[in-house]
Amino acid sequence: MEKQKVEGIEETFVLAYPGYFKHANIGALVSFFEENKFHLKGMMLMNVSPKFIEKHLQNVGEEHGGEPDDELSCFNWVYYLTSGPVVAMILEGHEAANKMKLLASNRENVFFWSFGRPAAYCSGSADRANQDIRTWFGQDSKAERSNLVHLHAGGGTHGPLDRIYKTLENDSYYRVFAEKPIDLHACFLKEPMSFLVIKPKAFDKDCVGEILSAVEDNSYIVKGLKLVKKSEHPDSIVWSDSSASTKTDGDDEYGIAMVVTCLSSNFELRDKAPDLKHIDFSSEVYLVGSNYVYQSKPDEMRSDVDLFFPHGLTIWTDPESQYLFGKMFQPTLIGLDWED
């Protein structure tokens with residue numbers, strides 16, 4: 001039975017623009033939300049197509065850019081929001097929509113504004129938030145459309161590779177440097193990848209953002225990032241030793257699943273001290289116990305990635321623009337709305 005909502009508690013939507021991924025500041029944004037008593041209820045790192053962004057901008061009007069002015073009205077939002085990965089989030093809290101809108105309207109707030117331009121979008125009202133959440137989090141089935149190519153860590157490539165290669169043939173870099181057709185799956189797997197889950201205890205202690213920042217600081221690139229529920233994969237080993245969570249019966253438990261490349265040895269997981277968390281960014285000390293973070297063993301990494309990221313790495317093309325989306329071997333996750 002679904003729990004009754006506490007009066008005044010609602011959800012709102014936030015979209016972190018590509019700058020957050022580029023500068024590895026996603027964890028800092030999550031920490032800001034935790035400090036302001038918001039709770040993560042949904043999170044996905046994704047690339048999106050221009051058509052989807054155009055639909056989003058039509059839905060929200062001028063809300064995405066704050067108060068309209070000449071500079072922002074001339075800004076190419078479609079180009080910017082498809083230039084790199086964005087992070088879509090659902091945040092829950094007391095009167096969340098109004099509270100988040102108030103925070104975002106302050107141009108001195110560095111989490112929402114950067115050099116006079118918005119760094120993130122938030123819904124302007126509870127009704128707008130419900131519509132945004134449906135738009136951004138209700139599209140999983142679209143990832144099965146035939147014009148997406150899926151590369152799975154456990155093996156297998158599915159979809160119209162011929163369309164991908166045809167697009168690559170029009171790419172100047174590919175024509176100059178590629179001596180033979182690229183093996184997309186081999187490129188996906190050639191980098192040393194690690195699979196991590198920030199566990200429910202981090203949510204209880206409001207340190208999800210801090211741990212996420214530590215992972216960002218100690219890895220080359222984030223290939224996958226999403227909020228996961230324990231109820232979706234209750235028997236997975238990733239939840240072991242996480243009994244420290246204070247959730248009661250009927251409450252779902254959450255984690256942040258991540259796929260990163262080149263994880264530094266400076267980020268140390270301590271099985272023998274499961275409740276340890278000592279993170280000092282200034283002295284580059286990153287000691288985290290196994291009750292806070294799970295890391296796959298090398299022989300289990302691919303199966304864990306396939307379980308928590310069932311769509312694998314996705315690449316797709318826009319026949320009209322002749323560009324690849326998915327940023328090719330970089331951020332993973334689902335393609336959103338697409339029309340042939």
# chains A, B, ... in the order shown; residues from 1 in each chain; ligands from 1
>>> residues_around(residues="Asp252 (chain A)", least_positions_apart="4", cutoff="7 Å", atoms="only C-alpha atoms", output="MDAnalysis selection string")
chainID A and resid 229:231
>>> write_last_selection(atoms="N, CA, C and O atoms", output="CSV table (one decimal), in the first residue's frame")
chain,number,residue,atom,x,y,z
A,229,LYS,N,16.4,2.1,-6.5
A,229,LYS,CA,15.7,1.7,-5.3
A,229,LYS,C,16.0,0.2,-5.0
A,229,LYS,O,16.2,-0.6,-5.8
A,230,LYS,N,16.2,0.0,-3.7
A,230,LYS,CA,16.5,-1.4,-3.2
A,230,LYS,C,15.4,-2.3,-3.6
A,230,LYS,O,15.6,-3.5,-3.9
A,231,SER,N,14.1,-1.8,-3.6
A,231,SER,CA,13.0,-2.7,-3.9
A,231,SER,C,13.0,-3.2,-5.4
A,231,SER,O,12.4,-4.3,-5.7
>>> residues_around(residues="Arg270 (chain A)", least_positions_apart="6", cutoff="12 Å", atoms="only C-alpha atoms", output="list in words")
Leu276, Lys277, His278, Tyr286, Leu287, Val288, Gly289, Ser290, Asn291, Tyr292, Val293, Tyr294 and Gln295 of chain A
>>> write_last_selection(atoms="N, CA and C atoms", output="mmCIF file, in the first residue's frame")
data_model
loop_
_atom_site.group_PDB
_atom_site.id
_atom_site.type_symbol
_atom_site.label_atom_id
_atom_site.label_comp_id
_atom_site.auth_asym_id
_atom_site.auth_seq_id
_atom_site.Cartn_x
_atom_site.Cartn_y
_atom_site.Cartn_z
ATOM 1 N N LEU A 276 33.236 3.715 8.666
ATOM 2 C CA LEU A 276 34.185 4.812 8.532
ATOM 3 C C LEU A 276 33.791 5.733 7.382
ATOM 4 N N LYS A 277 33.887 7.031 7.619
ATOM 5 C CA LYS A 277 33.775 8.018 6.545
ATOM 6 C C LYS A 277 34.644 9.202 6.904
ATOM 7 N N HIS A 278 35.810 9.242 6.284
ATOM 8 C CA HIS A 278 36.730 10.356 6.510
ATOM 9 C C HIS A 278 37.130 10.907 5.147
ATOM 10 N N TYR A 286 40.401 10.221 1.222
ATOM 11 C CA TYR A 286 39.077 9.705 0.858
ATOM 12 C C TYR A 286 38.951 8.277 1.393
ATOM 13 N N LEU A 287 38.539 8.152 2.637
ATOM 14 C CA LEU A 287 38.386 6.844 3.275
ATOM 15 C C LEU A 287 36.901 6.616 3.562
ATOM 16 N N VAL A 288 36.327 5.579 2.972
ATOM 17 C CA VAL A 288 34.893 5.337 3.077
ATOM 18 C C VAL A 288 34.659 3.866 3.385
ATOM 19 N N GLY A 289 33.797 3.592 4.382
ATOM 20 C CA GLY A 289 33.499 2.226 4.775
ATOM 21 C C GLY A 289 32.474 1.565 3.866
ATOM 22 N N SER A 290 32.416 0.252 3.947
ATOM 23 C CA SER A 290 31.554 -0.528 3.051
ATOM 24 C C SER A 290 30.070 -0.380 3.369
ATOM 25 N N ASN A 291 29.718 0.209 4.502
ATOM 26 C CA ASN A 291 28.305 0.494 4.763
ATOM 27 C C ASN A 291 27.827 1.738 4.008
ATOM 28 N N TYR A 292 28.773 2.497 3.483
ATOM 29 C CA TYR A 292 28.429 3.693 2.714
ATOM 30 C C TYR A 292 28.491 3.461 1.204
ATOM 31 N N VAL A 293 29.445 2.652 0.762
ATOM 32 C CA VAL A 293 29.658 2.468 -0.682
ATOM 33 C C VAL A 293 29.953 1.004 -0.971
ATOM 34 N N TYR A 294 29.346 0.508 -2.042
ATOM 35 C CA TYR A 294 29.658 -0.821 -2.565
ATOM 36 C C TYR A 294 30.444 -0.649 -3.855
ATOM 37 N N GLN A 295 31.472 -1.487 -4.034
ATOM 38 C CA GLN A 295 32.203 -1.517 -5.295
ATOM 39 C C GLN A 295 32.265 -2.955 -5.790
#
>>> closest_residue(among="A:Val48, A:Ile256, A:Ala129, A:Ile26", to="Leu227 (chain A)", atoms="only C-alpha atoms")
A:Ile256
>>> closest_residue(among="A:Phe308, A:Tyr220, A:Tyr80, A:Trp239", to="Met258 (chain A)", atoms="only C-alpha atoms")
A:Phe308
>>> residues_around(residues="region 195-208 of chain A", least_positions_apart="4", cutoff="8 Å", atoms="only C-alpha atoms", output="MDAnalysis selection string")
chainID A and resid 27 30:31 34:35 212 238:239 242 244:246 253:260 291:296 301 304:305
>>> write_last_selection(atoms="N, CA, C and O atoms", output="tab-separated table (two decimals), in the first residue's frame")
chain	number	residue	atom	x	y	z
A	27	GLY	N	28.17	16.30	-7.42
A	27	GLY	CA	28.14	16.04	-5.98
A	27	GLY	C	27.94	17.30	-5.17
A	27	GLY	O	27.22	17.30	-4.16
A	30	VAL	N	24.30	18.18	-5.20
A	30	VAL	CA	23.53	17.29	-4.31
A	30	VAL	C	23.74	17.69	-2.85
A	30	VAL	O	22.80	17.70	-2.06
A	31	SER	N	24.96	18.05	-2.49
A	31	SER	CA	25.22	18.50	-1.11
A	31	SER	C	24.43	19.76	-0.78
A	31	SER	O	23.90	19.91	0.33
A	34	GLU	N	20.97	18.68	-0.01
A	34	GLU	CA	20.90	18.04	1.31
A	34	GLU	C	20.93	19.08	2.42
A	34	GLU	O	20.18	18.97	3.40
A	35	GLU	N	21.78	20.09	2.27
A	35	GLU	CA	21.87	21.15	3.28
A	35	GLU	C	20.56	21.92	3.40
A	35	GLU	O	20.24	22.46	4.47
A	212	LEU	N	29.66	11.49	-3.46
A	212	LEU	CA	29.63	11.63	-4.91
A	212	LEU	C	30.74	12.56	-5.38
A	212	LEU	O	31.42	12.29	-6.39
A	238	VAL	N	24.76	-5.69	-3.72
A	238	VAL	CA	25.17	-4.31	-3.47
A	238	VAL	C	24.58	-3.78	-2.17
A	238	VAL	O	25.12	-2.84	-1.58
A	239	TRP	N	23.48	-4.36	-1.71
A	239	TRP	CA	22.83	-3.87	-0.50
A	239	TRP	C	23.36	-4.54	0.76
A	239	TRP	O	22.93	-4.20	1.87
A	242	SER	N	24.32	-3.11	4.66
A	242	SER	CA	23.75	-1.75	4.76
A	242	SER	C	22.61	-1.71	5.77
A	242	SER	O	21.72	-0.89	5.68
A	244	ALA	N	22.54	-0.57	8.51
A	244	ALA	CA	22.57	0.61	9.36
A	244	ALA	C	21.51	1.64	8.98
A	244	ALA	O	21.32	2.61	9.67
A	245	SER	N	20.84	1.43	7.86
A	245	SER	CA	19.81	2.37	7.44
A	245	SER	C	18.70	2.44	8.49
A	245	SER	O	18.35	1.44	9.10
A	246	THR	N	18.15	3.64	8.66
A	246	THR	CA	17.10	3.83	9.66
A	246	THR	C	15.70	3.74	9.07
A	246	THR	O	14.73	4.06	9.75
A	253	GLU	N	14.33	2.13	0.22
A	253	GLU	CA	15.70	2.57	0.42
A	253	GLU	C	16.32	2.89	-0.94
A	253	GLU	O	16.04	2.24	-1.93
A	254	TYR	N	17.20	3.90	-0.94
A	254	TYR	CA	17.75	4.39	-2.19
A	254	TYR	C	19.26	4.26	-2.21
A	254	TYR	O	19.93	4.24	-1.17
A	255	GLY	N	19.78	4.21	-3.42
A	255	GLY	CA	21.21	4.23	-3.65
A	255	GLY	C	21.49	5.03	-4.91
A	255	GLY	O	20.59	5.34	-5.69
A	256	ILE	N	22.75	5.39	-5.12
A	256	ILE	CA	23.20	6.03	-6.35
A	256	ILE	C	24.14	5.06	-7.05
A	256	ILE	O	25.23	4.77	-6.54
A	257	ALA	N	23.71	4.52	-8.18
A	257	ALA	CA	24.55	3.62	-8.97
A	257	ALA	C	25.41	4.45	-9.91
A	257	ALA	O	24.92	5.38	-10.57
A	258	MET	N	26.70	4.09	-10.00
A	258	MET	CA	27.64	4.85	-10.82
A	258	MET	C	28.54	3.90	-11.60
A	258	MET	O	28.95	2.86	-11.09
A	259	VAL	N	28.85	4.29	-12.82
A	259	VAL	CA	29.90	3.66	-13.59
A	259	VAL	C	30.92	4.75	-13.89
A	259	VAL	O	30.59	5.78	-14.48
A	260	VAL	N	32.16	4.53	-13.44
A	260	VAL	CA	33.22	5.53	-13.63
A	260	VAL	C	34.43	4.85	-14.25
A	260	VAL	O	34.60	3.64	-14.16
A	291	ASN	N	29.72	0.21	4.50
A	291	ASN	CA	28.31	0.49	4.76
A	291	ASN	C	27.83	1.74	4.01
A	291	ASN	O	26.62	2.00	3.94
A	292	TYR	N	28.77	2.50	3.48
A	292	TYR	CA	28.43	3.69	2.71
A	292	TYR	C	28.49	3.46	1.20
A	292	TYR	O	27.69	4.04	0.45
A	293	VAL	N	29.44	2.65	0.76
A	293	VAL	CA	29.66	2.47	-0.68
A	293	VAL	C	29.95	1.00	-0.97
A	293	VAL	O	30.71	0.35	-0.24
A	294	TYR	N	29.35	0.51	-2.04
A	294	TYR	CA	29.66	-0.82	-2.57
A	294	TYR	C	30.44	-0.65	-3.85
A	294	TYR	O	30.14	0.22	-4.68
A	295	GLN	N	31.47	-1.49	-4.03
A	295	GLN	CA	32.20	-1.52	-5.30
A	295	GLN	C	32.27	-2.95	-5.79
A	295	GLN	O	32.62	-3.87	-5.04
A	296	SER	N	31.92	-3.14	-7.06
A	296	SER	CA	31.93	-4.49	-7.63
A	296	SER	C	33.35	-5.05	-7.67
A	296	SER	O	34.32	-4.32	-7.90
A	301	MET	N	31.76	-6.91	-12.18
A	301	MET	CA	31.45	-5.55	-12.61
A	301	MET	C	30.48	-5.53	-13.77
A	301	MET	O	29.48	-4.82	-13.75
A	304	ASP	N	26.91	-6.47	-12.83
A	304	ASP	CA	26.27	-5.41	-12.03
A	304	ASP	C	25.86	-4.23	-12.91
A	304	ASP	O	24.78	-3.65	-12.74
A	305	VAL	N	26.73	-3.87	-13.86
A	305	VAL	CA	26.38	-2.77	-14.77
A	305	VAL	C	25.14	-3.12	-15.58
A	305	VAL	O	24.22	-2.32	-15.74
>>> atom_distance(atom1="CA of Gly8 (chain A)", atom2="CA of Gly61 (chain A)")
26.6 Å
>>> atom_distance(atom1="CA of Ser236 (chain A)", atom2="CA of Glu92 (chain A)")
26.1 Å
>>> closest_residue(among="A:Ala28, A:Ala16, A:Cys122, A:Ala273", to="Ile211 (chain A)", atoms="only C-alpha atoms")
A:Ala28
>>> residues_around(residues="region 102-109 of chain A", least_positions_apart="5", cutoff="12 Å", atoms="only C-alpha atoms", output="ChimeraX atom specification")
/A:13-16,29,32-33,36,63-67,95-97,114-125
>>> write_last_selection(atoms="N, CA and C atoms", output="compact mmCIF listing (two decimals), in the first residue's frame")
# COMPACT_ATOMS: atom_id res chain seq x y z
N PHE A 13 11.22 19.36 -9.59
CA PHE A 13 12.15 18.86 -10.61
C PHE A 13 13.28 19.86 -10.82
N VAL A 14 14.50 19.34 -10.95
CA VAL A 14 15.67 20.16 -11.24
C VAL A 14 16.45 19.52 -12.37
N LEU A 15 16.90 20.33 -13.30
CA LEU A 15 17.75 19.86 -14.39
C LEU A 15 19.08 20.59 -14.30
N ALA A 16 20.15 19.84 -14.02
CA ALA A 16 21.49 20.41 -13.98
C ALA A 16 22.06 20.43 -15.39
N LEU A 29 26.31 19.95 -6.04
CA LEU A 29 24.90 20.34 -6.15
C LEU A 29 24.03 19.47 -5.24
N PHE A 32 24.32 20.66 -1.74
CA PHE A 32 23.53 21.88 -1.55
C PHE A 32 22.07 21.52 -1.27
N PHE A 33 21.54 20.56 -1.99
CA PHE A 33 20.16 20.14 -1.76
C PHE A 33 20.01 19.49 -0.39
N ASN A 36 19.79 21.96 2.32
CA ASN A 36 18.52 22.69 2.32
C ASN A 36 17.32 21.76 2.53
N GLU A 63 10.84 29.89 -18.33
CA GLU A 63 11.26 29.52 -16.98
C GLU A 63 12.69 28.99 -16.94
N HIS A 64 13.14 28.34 -18.02
CA HIS A 64 14.47 27.73 -18.03
C HIS A 64 15.57 28.75 -17.92
N GLY A 65 15.29 30.00 -18.27
CA GLY A 65 16.33 31.02 -18.25
C GLY A 65 16.12 32.10 -17.23
N GLY A 66 15.25 31.88 -16.28
CA GLY A 66 14.99 32.91 -15.28
C GLY A 66 14.28 34.10 -15.90
N GLU A 67 14.53 35.27 -15.40
CA GLU A 67 13.91 36.47 -15.94
C GLU A 67 14.46 36.74 -17.34
N GLU A 95 6.95 21.92 0.80
CA GLU A 95 6.69 22.96 -0.20
C GLU A 95 7.89 23.09 -1.12
N ALA A 96 8.32 21.95 -1.66
CA ALA A 96 9.58 21.86 -2.40
C ALA A 96 9.63 22.80 -3.60
N ALA A 97 8.54 22.87 -4.36
CA ALA A 97 8.56 23.67 -5.58
C ALA A 97 8.80 25.15 -5.29
N SER A 114 25.66 31.05 -13.21
CA SER A 114 27.10 31.08 -13.47
C SER A 114 27.39 32.13 -14.54
N PHE A 115 28.12 33.16 -14.16
CA PHE A 115 28.48 34.25 -15.09
C PHE A 115 27.25 34.83 -15.77
N GLY A 116 26.20 35.03 -14.99
CA GLY A 116 25.01 35.69 -15.49
C GLY A 116 24.05 34.80 -16.25
N ARG A 117 24.38 33.52 -16.39
CA ARG A 117 23.50 32.59 -17.09
C ARG A 117 23.09 31.46 -16.16
N PRO A 118 21.89 30.92 -16.36
CA PRO A 118 21.45 29.82 -15.50
C PRO A 118 22.35 28.61 -15.63
N ALA A 119 22.65 27.98 -14.50
CA ALA A 119 23.43 26.74 -14.48
C ALA A 119 22.53 25.53 -14.30
N ALA A 120 21.27 25.79 -13.95
CA ALA A 120 20.31 24.70 -13.74
C ALA A 120 18.90 25.28 -13.87
N TYR A 121 17.97 24.41 -14.15
CA TYR A 121 16.55 24.77 -14.25
C TYR A 121 15.80 24.09 -13.12
N CYS A 122 14.80 24.78 -12.57
CA CYS A 122 13.88 24.13 -11.63
C CYS A 122 12.45 24.50 -12.01
N SER A 123 11.54 23.62 -11.69
CA SER A 123 10.13 23.86 -12.00
C SER A 123 9.61 25.05 -11.22
N GLY A 124 8.72 25.81 -11.86
CA GLY A 124 8.22 27.03 -11.24
C GLY A 124 7.06 26.84 -10.29
N SER A 125 6.47 25.64 -10.29
CA SER A 125 5.33 25.38 -9.43
C SER A 125 5.19 23.87 -9.26
>>> residues_around(residues="Phe137 (chain A)", least_positions_apart="6", cutoff="12 Å", atoms="only C-alpha atoms", output="MDAnalysis selection string")
chainID A and resid 13:15 41:46 87:90 129:131 226:227 334:337
>>> atom_distance(atom1="CA of Ser213 (chain A)", atom2="CA of Tyr20 (chain A)")
11.4 Å
>>> select_by_dssp(residues="region 279-317 of chain A", states="strand (DSSP E)", output="list in words")
Ile279, Asp280, Val285, Tyr286, Leu287, Val288, Gly289, Val293, Tyr294, Gln295, Leu313, Thr314, Ile315, Trp316 and Thr317 of chain A
